[in-house]
$ cat query-v2.cif   # mmCIF, C-alpha atoms
data_input
#
loop_
_atom_site.group_PDB
_atom_site.id
_atom_site.type_symbol
_atom_site.label_atom_id
_atom_site.label_comp_id
_atom_site.auth_asym_id
_atom_site.auth_seq_id
_atom_site.Cartn_x
_atom_site.Cartn_y
_atom_site.Cartn_z
ATOM 1 C CA MET A 1 74.637 -32.172 -14.516
ATOM 2 C CA GLY A 2 75.938 -32.102 -18.090
ATOM 3 C CA LYS A 3 75.062 -34.321 -21.025
ATOM 4 C CA PHE A 4 76.820 -37.655 -21.426
ATOM 5 C CA LYS A 5 78.919 -37.578 -24.617
ATOM 6 C CA LYS A 6 79.411 -40.891 -26.339
ATOM 7 C CA THR A 7 82.655 -41.265 -28.246
ATOM 8 C CA GLN A 8 82.411 -42.255 -31.881
ATOM 9 C CA LYS A 9 83.612 -45.752 -32.811
ATOM 10 C CA PHE A 10 86.050 -45.471 -35.719
ATOM 11 C CA GLY A 11 86.985 -49.095 -36.131
ATOM 12 C CA LYS A 12 83.412 -50.431 -36.576
ATOM 13 C CA LYS A 13 82.768 -52.441 -39.772
ATOM 14 C CA LYS A 14 79.699 -53.853 -41.491
ATOM 15 C CA ARG A 15 78.938 -57.473 -40.808
ATOM 16 C CA GLN A 16 79.472 -59.687 -43.843
ATOM 17 C CA LEU A 17 78.612 -63.281 -44.556
ATOM 18 C CA SER A 18 81.545 -65.610 -44.930
ATOM 19 C CA THR A 19 82.002 -67.455 -48.212
ATOM 20 C CA SER A 20 81.395 -70.795 -46.492
ATOM 21 C CA ASP A 21 77.968 -69.739 -45.141
ATOM 22 C CA PRO A 22 75.293 -72.383 -46.028
ATOM 23 C CA ARG A 23 72.815 -69.690 -47.150
ATOM 24 C CA LEU A 24 75.237 -68.450 -49.808
ATOM 25 C CA ILE A 25 76.006 -72.006 -50.944
ATOM 26 C CA LYS A 26 72.272 -72.746 -51.404
ATOM 27 C CA LYS A 27 71.761 -69.620 -53.540
ATOM 28 C CA THR A 28 74.742 -70.361 -55.736
ATOM 29 C CA THR A 29 73.592 -73.935 -56.363
ATOM 30 C CA GLU A 30 70.121 -72.709 -57.408
ATOM 31 C CA LEU A 31 71.642 -70.156 -59.812
ATOM 32 C CA THR A 32 73.912 -72.740 -61.389
ATOM 33 C CA LYS A 33 70.982 -75.126 -61.887
ATOM 34 C CA ARG A 34 68.977 -72.403 -63.677
ATOM 35 C CA LYS A 35 71.931 -71.541 -65.891
ATOM 36 C CA LEU A 36 72.400 -75.173 -66.860
ATOM 37 C CA GLU A 37 68.692 -75.570 -67.703
ATOM 38 C CA GLY A 38 68.806 -72.416 -69.863
ATOM 39 C CA ARG A 39 71.860 -73.711 -71.728
ATOM 40 C CA LYS A 40 70.128 -77.042 -72.406
ATOM 41 C CA LEU A 41 67.085 -75.280 -73.844
ATOM 42 C CA LEU A 42 69.269 -73.101 -76.089
ATOM 43 C CA HIS A 43 71.167 -76.168 -77.250
ATOM 44 C CA ARG A 44 67.905 -77.939 -78.172
ATOM 45 C CA ALA A 45 66.613 -74.900 -80.075
ATOM 46 C CA ALA A 46 69.857 -74.543 -82.018
ATOM 47 C CA LYS A 47 69.953 -78.234 -82.948
ATOM 48 C CA PRO A 48 69.158 -78.697 -86.704
ATOM 49 C CA ARG A 49 65.864 -80.438 -87.467
ATOM 50 C CA THR A 50 65.695 -83.447 -89.711
ATOM 51 C CA PRO A 51 62.659 -83.869 -92.031
ATOM 52 C CA ALA A 52 61.323 -86.669 -89.796
ATOM 53 C CA THR A 53 61.412 -84.540 -86.621
ATOM 54 C CA ALA A 54 59.819 -81.550 -88.428
ATOM 55 C CA ALA A 55 56.963 -83.736 -89.713
ATOM 56 C CA ALA A 56 56.384 -85.182 -86.217
ATOM 57 C CA ALA A 57 56.265 -81.683 -84.684
ATOM 58 C CA ALA A 58 53.761 -80.493 -87.323
ATOM 59 C CA ALA A 59 51.542 -83.541 -86.731
ATOM 60 C CA ALA A 60 51.618 -82.964 -82.972
ATOM 61 C CA ALA A 61 50.606 -79.304 -83.445
ATOM 62 C CA ALA A 62 47.741 -80.224 -85.798
ATOM 63 C CA ALA A 63 46.398 -83.019 -83.546
ATOM 64 C CA PRO A 64 43.218 -82.144 -81.531
ATOM 65 C CA VAL A 65 43.634 -81.424 -77.836
ATOM 66 C CA ALA A 66 42.555 -84.387 -75.699
ATOM 67 C CA ARG A 67 40.052 -83.902 -72.902
ATOM 68 C CA GLY A 68 41.460 -83.513 -69.428
ATOM 69 C CA SER A 69 44.794 -82.085 -70.658
ATOM 70 C CA SER A 70 46.329 -78.864 -69.375
ATOM 71 C CA ASN A 71 45.607 -76.996 -72.652
ATOM 72 C CA ASN A 72 41.877 -77.538 -72.153
ATOM 73 C CA ALA A 73 41.823 -74.683 -69.611
ATOM 74 C CA LEU A 74 42.291 -72.154 -72.445
ATOM 75 C CA VAL A 75 38.944 -73.028 -74.065
ATOM 76 C CA LYS A 76 36.159 -70.571 -73.211
ATOM 77 C CA HIS A 77 32.552 -71.720 -73.059
ATOM 78 C CA VAL A 78 30.294 -68.755 -73.822
ATOM 79 C CA PRO A 79 26.603 -69.330 -72.976
ATOM 80 C CA GLN A 80 24.221 -68.965 -75.888
ATOM 81 C CA ALA A 81 22.171 -65.744 -75.858
ATOM 82 C CA SER A 82 18.440 -66.147 -75.473
ATOM 83 C CA SER A 83 16.370 -65.599 -78.610
ATOM 84 C CA ALA A 84 13.752 -63.774 -76.488
ATOM 85 C CA LEU A 85 16.082 -60.803 -75.909
ATOM 86 C CA PHE A 86 16.357 -57.724 -78.098
ATOM 87 C CA PHE A 87 19.571 -56.363 -76.522
ATOM 88 C CA GLN A 88 18.413 -56.030 -72.865
ATOM 89 C CA PHE A 89 14.691 -55.948 -73.691
ATOM 90 C CA ASN A 90 12.804 -59.192 -73.081
ATOM 91 C CA THR A 91 10.182 -59.766 -75.778
ATOM 92 C CA GLN A 92 8.623 -62.738 -73.982
ATOM 93 C CA LEU A 93 7.391 -60.641 -71.052
ATOM 94 C CA GLY A 94 3.797 -59.512 -71.394
ATOM 95 C CA PRO A 95 0.395 -59.761 -69.727
ATOM 96 C CA PRO A 96 -0.597 -62.040 -68.133
ATOM 97 C CA TYR A 97 2.665 -61.892 -66.190
ATOM 98 C CA HIS A 98 3.917 -65.140 -64.635
ATOM 99 C CA VAL A 99 5.560 -64.424 -61.283
ATOM 100 C CA LEU A 100 7.733 -67.007 -59.503
ATOM 101 C CA LEU A 101 7.346 -66.540 -55.741
ATOM 102 C CA ASP A 102 10.129 -67.077 -53.234
ATOM 103 C CA THR A 103 9.477 -68.168 -49.640
ATOM 104 C CA ASN A 104 10.567 -64.924 -47.970
ATOM 105 C CA PHE A 105 8.471 -62.829 -50.389
ATOM 106 C CA ILE A 106 5.289 -64.602 -49.194
ATOM 107 C CA ASN A 107 6.242 -64.120 -45.529
ATOM 108 C CA PHE A 108 7.081 -60.414 -45.976
ATOM 109 C CA ALA A 109 3.837 -59.842 -47.877
ATOM 110 C CA ILE A 110 1.919 -61.274 -44.888
ATOM 111 C CA GLN A 111 3.918 -59.080 -42.468
ATOM 112 C CA ASN A 112 3.156 -55.950 -44.503
ATOM 113 C CA LYS A 113 -0.522 -56.998 -44.857
ATOM 114 C CA ILE A 114 -0.461 -57.028 -48.664
ATOM 115 C CA GLU A 115 -2.669 -59.346 -50.661
ATOM 116 C CA ILE A 116 -0.325 -60.975 -53.170
ATOM 117 C CA VAL A 117 -2.515 -61.086 -56.311
ATOM 118 C CA LYS A 118 -3.998 -57.609 -55.742
ATOM 119 C CA GLY A 119 -0.565 -56.097 -54.981
ATOM 120 C CA MET A 120 0.900 -57.542 -58.178
ATOM 121 C CA MET A 121 -1.954 -56.198 -60.286
ATOM 122 C CA ASP A 122 -1.604 -52.753 -58.670
ATOM 123 C CA CYS A 123 2.119 -52.810 -59.462
ATOM 124 C CA LEU A 124 1.985 -54.004 -63.078
ATOM 125 C CA PHE A 125 -1.532 -52.804 -64.139
ATOM 126 C CA ALA A 126 -2.178 -56.208 -65.729
ATOM 127 C CA LYS A 127 -3.258 -59.711 -64.877
ATOM 128 C CA CYS A 128 -0.629 -61.619 -62.888
ATOM 129 C CA VAL A 129 -0.375 -65.363 -62.317
ATOM 130 C CA PRO A 130 1.577 -66.219 -59.126
ATOM 131 C CA ILE A 131 3.502 -69.491 -59.463
ATOM 132 C CA ILE A 132 4.697 -71.738 -56.629
ATOM 133 C CA THR A 133 7.344 -74.420 -57.150
ATOM 134 C CA ASP A 134 7.494 -77.671 -55.182
ATOM 135 C CA CYS A 135 10.661 -76.593 -53.365
ATOM 136 C CA VAL A 136 9.038 -73.345 -52.114
ATOM 137 C CA MET A 137 6.056 -75.369 -50.889
ATOM 138 C CA GLY A 138 8.455 -77.760 -49.147
ATOM 139 C CA GLU A 139 10.261 -74.868 -47.415
ATOM 140 C CA LEU A 140 6.950 -73.483 -46.130
ATOM 141 C CA GLU A 141 5.892 -76.896 -44.867
ATOM 142 C CA LYS A 142 9.224 -77.335 -43.054
ATOM 143 C CA MET A 143 8.822 -74.002 -41.222
ATOM 144 C CA GLY A 144 6.156 -75.440 -38.970
ATOM 145 C CA PRO A 145 2.774 -74.279 -37.640
ATOM 146 C CA LEU A 146 3.853 -70.633 -37.268
ATOM 147 C CA PHE A 147 3.650 -70.243 -41.074
ATOM 148 C CA ARG A 148 0.308 -71.979 -41.578
ATOM 149 C CA VAL A 149 -1.181 -68.684 -42.867
ATOM 150 C CA ALA A 150 1.394 -68.645 -45.685
ATOM 151 C CA LEU A 151 0.534 -72.251 -46.547
ATOM 152 C CA ARG A 152 -3.166 -71.411 -46.653
ATOM 153 C CA ILE A 153 -2.507 -68.465 -49.000
ATOM 154 C CA VAL A 154 -0.290 -70.557 -51.284
ATOM 155 C CA ARG A 155 -2.944 -73.256 -51.650
ATOM 156 C CA ASP A 156 -5.319 -70.719 -53.207
ATOM 157 C CA PRO A 157 -6.641 -71.970 -56.602
ATOM 158 C CA ARG A 158 -5.400 -68.758 -58.265
ATOM 159 C CA PHE A 159 -1.804 -69.866 -57.575
ATOM 160 C CA GLU A 160 -0.272 -72.195 -60.170
ATOM 161 C CA ARG A 161 1.988 -75.071 -59.136
ATOM 162 C CA LEU A 162 5.202 -76.064 -60.938
ATOM 163 C CA PRO A 163 6.791 -79.480 -60.281
ATOM 164 C CA CYS A 164 10.521 -79.726 -59.517
ATOM 165 C CA ALA A 165 12.805 -82.529 -60.699
ATOM 166 C CA HIS A 166 15.727 -81.798 -58.328
ATOM 167 C CA LYS A 167 16.337 -83.276 -54.877
ATOM 168 C CA GLY A 168 15.799 -81.321 -51.678
ATOM 169 C CA THR A 169 13.835 -78.145 -50.942
ATOM 170 C CA TYR A 170 16.471 -75.432 -51.626
ATOM 171 C CA ALA A 171 14.565 -72.951 -53.774
ATOM 172 C CA ASP A 172 17.256 -70.430 -54.818
ATOM 173 C CA ASP A 173 19.112 -72.734 -57.225
ATOM 174 C CA CYS A 174 15.827 -73.982 -58.655
ATOM 175 C CA LEU A 175 14.545 -70.447 -59.359
ATOM 176 C CA VAL A 176 17.836 -69.319 -60.932
ATOM 177 C CA GLN A 177 18.012 -72.381 -63.190
ATOM 178 C CA ARG A 178 14.363 -72.078 -64.224
ATOM 179 C CA VAL A 179 14.728 -68.378 -65.051
ATOM 180 C CA SER A 180 17.952 -68.851 -67.025
ATOM 181 C CA LEU A 181 16.296 -71.533 -69.184
ATOM 182 C CA HIS A 182 12.970 -69.712 -69.733
ATOM 183 C CA ARG A 183 12.976 -65.893 -69.730
ATOM 184 C CA CYS A 184 9.190 -65.561 -69.440
ATOM 185 C CA TYR A 185 9.074 -65.154 -65.637
ATOM 186 C CA ILE A 186 9.314 -62.363 -63.066
ATOM 187 C CA VAL A 187 11.024 -63.459 -59.836
ATOM 188 C CA ALA A 188 9.434 -62.160 -56.614
ATOM 189 C CA THR A 189 11.974 -62.232 -53.774
ATOM 190 C CA CYS A 190 13.372 -60.132 -50.922
ATOM 191 C CA ASP A 191 16.589 -62.154 -50.569
ATOM 192 C CA LYS A 192 19.717 -60.073 -51.333
ATOM 193 C CA ASP A 193 21.825 -63.037 -52.458
ATOM 194 C CA LEU A 194 19.135 -64.297 -54.825
ATOM 195 C CA LYS A 195 18.667 -60.783 -56.236
ATOM 196 C CA ARG A 196 22.406 -60.550 -56.883
ATOM 197 C CA ARG A 197 22.345 -63.854 -58.754
ATOM 198 C CA ILE A 198 19.304 -62.952 -60.864
ATOM 199 C CA ARG A 199 20.724 -59.526 -61.800
ATOM 200 C CA LYS A 200 23.464 -61.370 -63.697
ATOM 201 C CA ILE A 201 20.805 -62.934 -65.961
ATOM 202 C CA PRO A 202 19.714 -60.327 -68.553
ATOM 203 C CA GLY A 203 16.030 -59.679 -69.193
ATOM 204 C CA VAL A 204 14.631 -61.062 -65.900
ATOM 205 C CA PRO A 205 12.774 -58.499 -63.720
ATOM 206 C CA ILE A 206 12.788 -58.778 -59.917
ATOM 207 C CA MET A 207 9.730 -57.981 -57.805
ATOM 208 C CA TYR A 208 10.319 -56.877 -54.216
ATOM 209 C CA ILE A 209 8.530 -55.062 -51.364
ATOM 210 C CA THR A 210 9.215 -51.415 -50.572
ATOM 211 C CA GLN A 211 7.126 -48.929 -48.536
ATOM 212 C CA ARG A 212 4.384 -51.539 -47.965
ATOM 213 C CA LYS A 213 3.813 -52.133 -51.685
ATOM 214 C CA PHE A 214 5.266 -54.194 -54.511
ATOM 215 C CA SER A 215 7.789 -52.766 -56.952
ATOM 216 C CA VAL A 216 9.758 -54.204 -59.876
ATOM 217 C CA GLU A 217 13.388 -53.863 -60.918
ATOM 218 C CA ARG A 218 14.421 -53.658 -64.597
ATOM 219 C CA MET A 219 10.881 -53.041 -65.814
ATOM 220 C CA PRO A 220 10.220 -49.349 -66.592
ATOM 221 C CA ASP A 221 6.446 -49.727 -67.083
ATOM 222 C CA ALA A 222 5.911 -50.750 -63.454
ATOM 223 C CA VAL A 223 4.771 -48.384 -60.695
ATOM 224 C CA GLY A 224 7.409 -47.224 -58.226
ATOM 225 C CA ASN A 225 10.338 -47.214 -60.640
ATOM 226 C CA LYS A 226 12.503 -44.202 -61.469
ATOM 227 C CA ALA A 227 11.025 -44.055 -64.958
ATOM 228 C CA SER A 228 7.615 -42.786 -63.868
ATOM 229 C CA ALA A 229 4.658 -41.824 -66.043
ATOM 230 C CA THR A 230 5.689 -38.145 -66.190
ATOM 231 C CA ASP A 231 9.185 -39.054 -67.388
ATOM 232 C CA CYS A 232 7.726 -41.338 -70.069
ATOM 233 C CA PHE A 233 5.328 -38.579 -71.178
ATOM 234 C CA SER A 234 8.117 -35.989 -71.388
ATOM 235 C CA SER A 235 10.303 -38.405 -73.399
ATOM 236 C CA LEU A 236 7.411 -39.019 -75.823
ATOM 237 C CA LEU A 237 6.957 -35.279 -76.265
ATOM 238 C CA ALA A 238 10.671 -34.873 -76.921
ATOM 239 C CA VAL A 239 10.564 -37.600 -79.586
ATOM 240 C CA ALA A 240 7.530 -35.931 -81.215
ATOM 241 C CA GLY A 241 9.361 -32.595 -81.307
ATOM 242 C CA HIS A 242 7.306 -30.778 -78.640
ATOM 243 C CA ALA A 243 9.245 -29.632 -75.618
ATOM 244 C CA PRO A 244 7.310 -29.909 -72.312
ATOM 245 C CA SER A 245 6.092 -26.591 -70.931
ATOM 246 C CA THR A 246 8.113 -25.272 -67.968
ATOM 247 C CA THR A 247 6.241 -21.976 -67.461
ATOM 248 C CA GLN A 248 4.207 -21.520 -64.296
ATOM 249 C CA TRP A 249 1.210 -19.364 -63.506
ATOM 250 C CA ALA A 250 1.799 -15.980 -61.898
ATOM 251 C CA PRO A 251 0.871 -15.678 -58.200
ATOM 252 C CA THR A 252 -1.817 -13.077 -59.000
ATOM 253 C CA GLY A 253 -3.736 -15.572 -61.140
ATOM 254 C CA ILE A 254 -2.920 -13.817 -64.435
ATOM 255 C CA PRO A 255 -1.305 -16.168 -66.943
ATOM 256 C CA PRO A 256 2.134 -15.155 -68.197
ATOM 257 C CA ALA A 257 2.598 -13.622 -71.595
ATOM 258 C CA PRO A 258 3.252 -16.062 -74.447
ATOM 259 C CA PRO A 259 6.870 -16.263 -75.563
ATOM 260 C CA ALA A 260 7.852 -14.176 -78.580
#

$ encode --input "query-v2.cif" --output "C-alpha cells"
Amino acid sequence: MGKFKKTQKFGKKKRQLSTSDPRLIKKTTELTKRKLEGRKLLHRAAKPRTPATAAAAAAAAAAPVARGSSNNALVKHVPQASSALFFQFNTQLGPPYHVLLDTNFINFAIQNKIEIVKGMMDCLFAKCVPIITDCVMGELEKMGPLFRVALRIVRDPRFERLPCAHKGTYADDCLVQRVSLHRCYIVATCDKDLKRRIRKIPGVPIMYITQRKFSVERMPDAVGNKASATDCFSSLLAVAGHAPSTTQWAPTGIPPAPPA
C-alpha cells in the first residue's frame, strides 16, 4: 500500500486580529495615555521659571529629609568598627579565655565524654573560664530529667554565670548580641545556624567538637587548626631568612653530602 499524499493548500492565509478587537483597543489606549503623560512632563520642563518658583525649588532641595519619607531608604547605616580589632585580629582575646557555652555544646561534650574545662585548656594551652548565661540555663532546665547530668556540670563553681535582660530562653540571639557588643569572648557551639551568624562578626572565634576533642575556628594558635606548630615554625624561619631543611637521611644511615 502506497503513501498517502496530502495536497498543498494554496489559499491558506495567516490569521489576523480585526481592528475592532478589544485587545488591540486596550493596547492603543495605554499607549496614548503614556504619550500624553510624556508630553505633559516635557511641557512642564520647558516652561520658563520665575524667580519665585526657582527660590521655592532651591529651598525644597536644601530642606532636610523628614523621617518616614520615601527618600529615607537611600540612607545607609554602617555599624561602627570595634576598637578591639586590628584589621581581623582581635586584641582583646588573651588568657584567661572567656568562653560562652551554648546548650548543644554541653550536650555533645557529655556524649563524647569530654570534660569541658580540661578540653578547653588542652585546646588553647591556657586557662579558660566557661561562662553560662541565664537563657542557656533555662534551656537546660526545660529539657527535663534526661539532661540532669548537664545541669549538674553547669552548676560547677568553676563556671561563671551571666545574667540576661531579655525575655524568654532563646539563647542564639542573646549570644550573638553579647558577642557583637563585647569582642572578648569565644563562642562554644555546634549549631550550624549560630556558627553562620557568628562568622559574620569579625574577630570572634568559634569553639566546636571534632574527632572527640575541642577545636577553634579563626584562632591560629589553637590545636587542631590548619596553621599547626610546624607551619608557624617554618614561617618564622622564613621571616628570619633561614629556609627550612628539606634534605633527608640516606637509607644506609650515611648523611648526605652538604650542598656546595

$ residues_near_point --input "query-v2.cif" --point "(10.2, -66.5, -46.6)" --cutoff "10 Å" --atoms "only C-alpha atoms" --output "list in words"
Leu101, Asp102, Thr103, Asn104, Phe105, Ile106, Asn107, Phe108, Ala109, Ile110, Val136, Glu139, Leu140, Met143, Phe147, Ala150, Thr189, Cys190 and Asp191 of chain A

$ atom_distance --input "query-v2.cif" --atom1 "CA of Thr210 in chain A" --atom2 "CA of Met137 in chain A"
24.2 Å

$ atom_distance --input "query-v2.cif" --atom1 "CA of Arg196 in chain A" --atom2 "CA of Asp172 in chain A"
11.3 Å

$ residues_around --input "query-v2.cif" --residues "Ala84 in chain A" --least-positions-apart "6" --cutoff "10 Å" --atoms "only C-alpha atoms" --output "PyMOL selection string"
chain A and resi 90-93+182-184+203

$ atom_distance --input "query-v2.cif" --atom1 "CA of Val129 in chain A" --atom2 "CA of His98 in chain A"
4.9 Å

$ resolve_selection --input "query-v2.cif" --expression "the PyMOL selection byres ((chain A and resi 81) around 12)" --output "PyMOL selection string"
chain A and resi 78-80+82-88+90+180-183+201-203

$ build_atoms --input "query-v2.cif" --residues "range 169-184 of chain A" --atoms "N, CA, C and O atoms" --output "tab-separated table (two decimals), in the frame of the given file"
chain	number	residue	atom	x	y	z
A	169	THR	N	14.81	-79.25	-50.92
A	169	THR	CA	13.84	-78.14	-50.94
A	169	THR	C	14.53	-76.79	-51.01
A	169	THR	O	13.93	-75.78	-50.61
A	170	TYR	N	15.78	-76.72	-51.50
A	170	TYR	CA	16.47	-75.43	-51.63
A	170	TYR	C	15.97	-74.73	-52.87
A	170	TYR	O	16.17	-75.19	-54.00
A	171	ALA	N	15.30	-73.58	-52.68
A	171	ALA	CA	14.56	-72.95	-53.77
A	171	ALA	C	15.42	-72.02	-54.62
A	171	ALA	O	15.08	-71.79	-55.79
A	172	ASP	N	16.50	-71.45	-54.08
A	172	ASP	CA	17.26	-70.43	-54.82
A	172	ASP	C	17.85	-70.98	-56.12
A	172	ASP	O	17.71	-70.37	-57.19
A	173	ASP	N	18.51	-72.13	-56.02
A	173	ASP	CA	19.11	-72.73	-57.22
A	173	ASP	C	18.05	-73.11	-58.25
A	173	ASP	O	18.24	-72.96	-59.46
A	174	CYS	N	16.91	-73.59	-57.75
A	174	CYS	CA	15.83	-73.98	-58.66
A	174	CYS	C	15.29	-72.78	-59.41
A	174	CYS	O	15.09	-72.84	-60.63
A	175	LEU	N	15.08	-71.65	-58.71
A	175	LEU	CA	14.54	-70.45	-59.36
A	175	LEU	C	15.54	-69.88	-60.38
A	175	LEU	O	15.15	-69.48	-61.47
A	176	VAL	N	16.82	-69.86	-60.01
A	176	VAL	CA	17.84	-69.32	-60.93
A	176	VAL	C	17.93	-70.18	-62.19
A	176	VAL	O	17.99	-69.66	-63.31
A	177	GLN	N	17.92	-71.49	-62.02
A	177	GLN	CA	18.01	-72.38	-63.19
A	177	GLN	C	16.77	-72.26	-64.07
A	177	GLN	O	16.87	-72.22	-65.30
A	178	ARG	N	15.60	-72.17	-63.45
A	178	ARG	CA	14.36	-72.08	-64.22
A	178	ARG	C	14.30	-70.78	-65.01
A	178	ARG	O	13.85	-70.74	-66.17
A	179	VAL	N	14.77	-69.69	-64.39
A	179	VAL	CA	14.73	-68.38	-65.05
A	179	VAL	C	15.76	-68.27	-66.16
A	179	VAL	O	15.52	-67.64	-67.19
A	180	SER	N	16.93	-68.90	-65.97
A	180	SER	CA	17.95	-68.85	-67.03
A	180	SER	C	17.55	-69.68	-68.25
A	180	SER	O	17.94	-69.36	-69.37
A	181	LEU	N	16.76	-70.72	-68.05
A	181	LEU	CA	16.30	-71.53	-69.18
A	181	LEU	C	15.12	-70.87	-69.91
A	181	LEU	O	15.07	-70.85	-71.14
A	182	HIS	N	14.17	-70.32	-69.16
A	182	HIS	CA	12.97	-69.71	-69.73
A	182	HIS	C	12.86	-68.28	-69.22
A	182	HIS	O	12.68	-68.06	-68.02
A	183	ARG	N	12.96	-67.31	-70.13
A	183	ARG	CA	12.98	-65.89	-69.73
A	183	ARG	C	11.57	-65.28	-69.71
A	183	ARG	O	11.41	-64.10	-69.99
A	184	CYS	N	10.56	-66.08	-69.42
A	184	CYS	CA	9.19	-65.56	-69.44
A	184	CYS	C	8.64	-65.31	-68.03
A	184	CYS	O	7.44	-65.13	-67.86
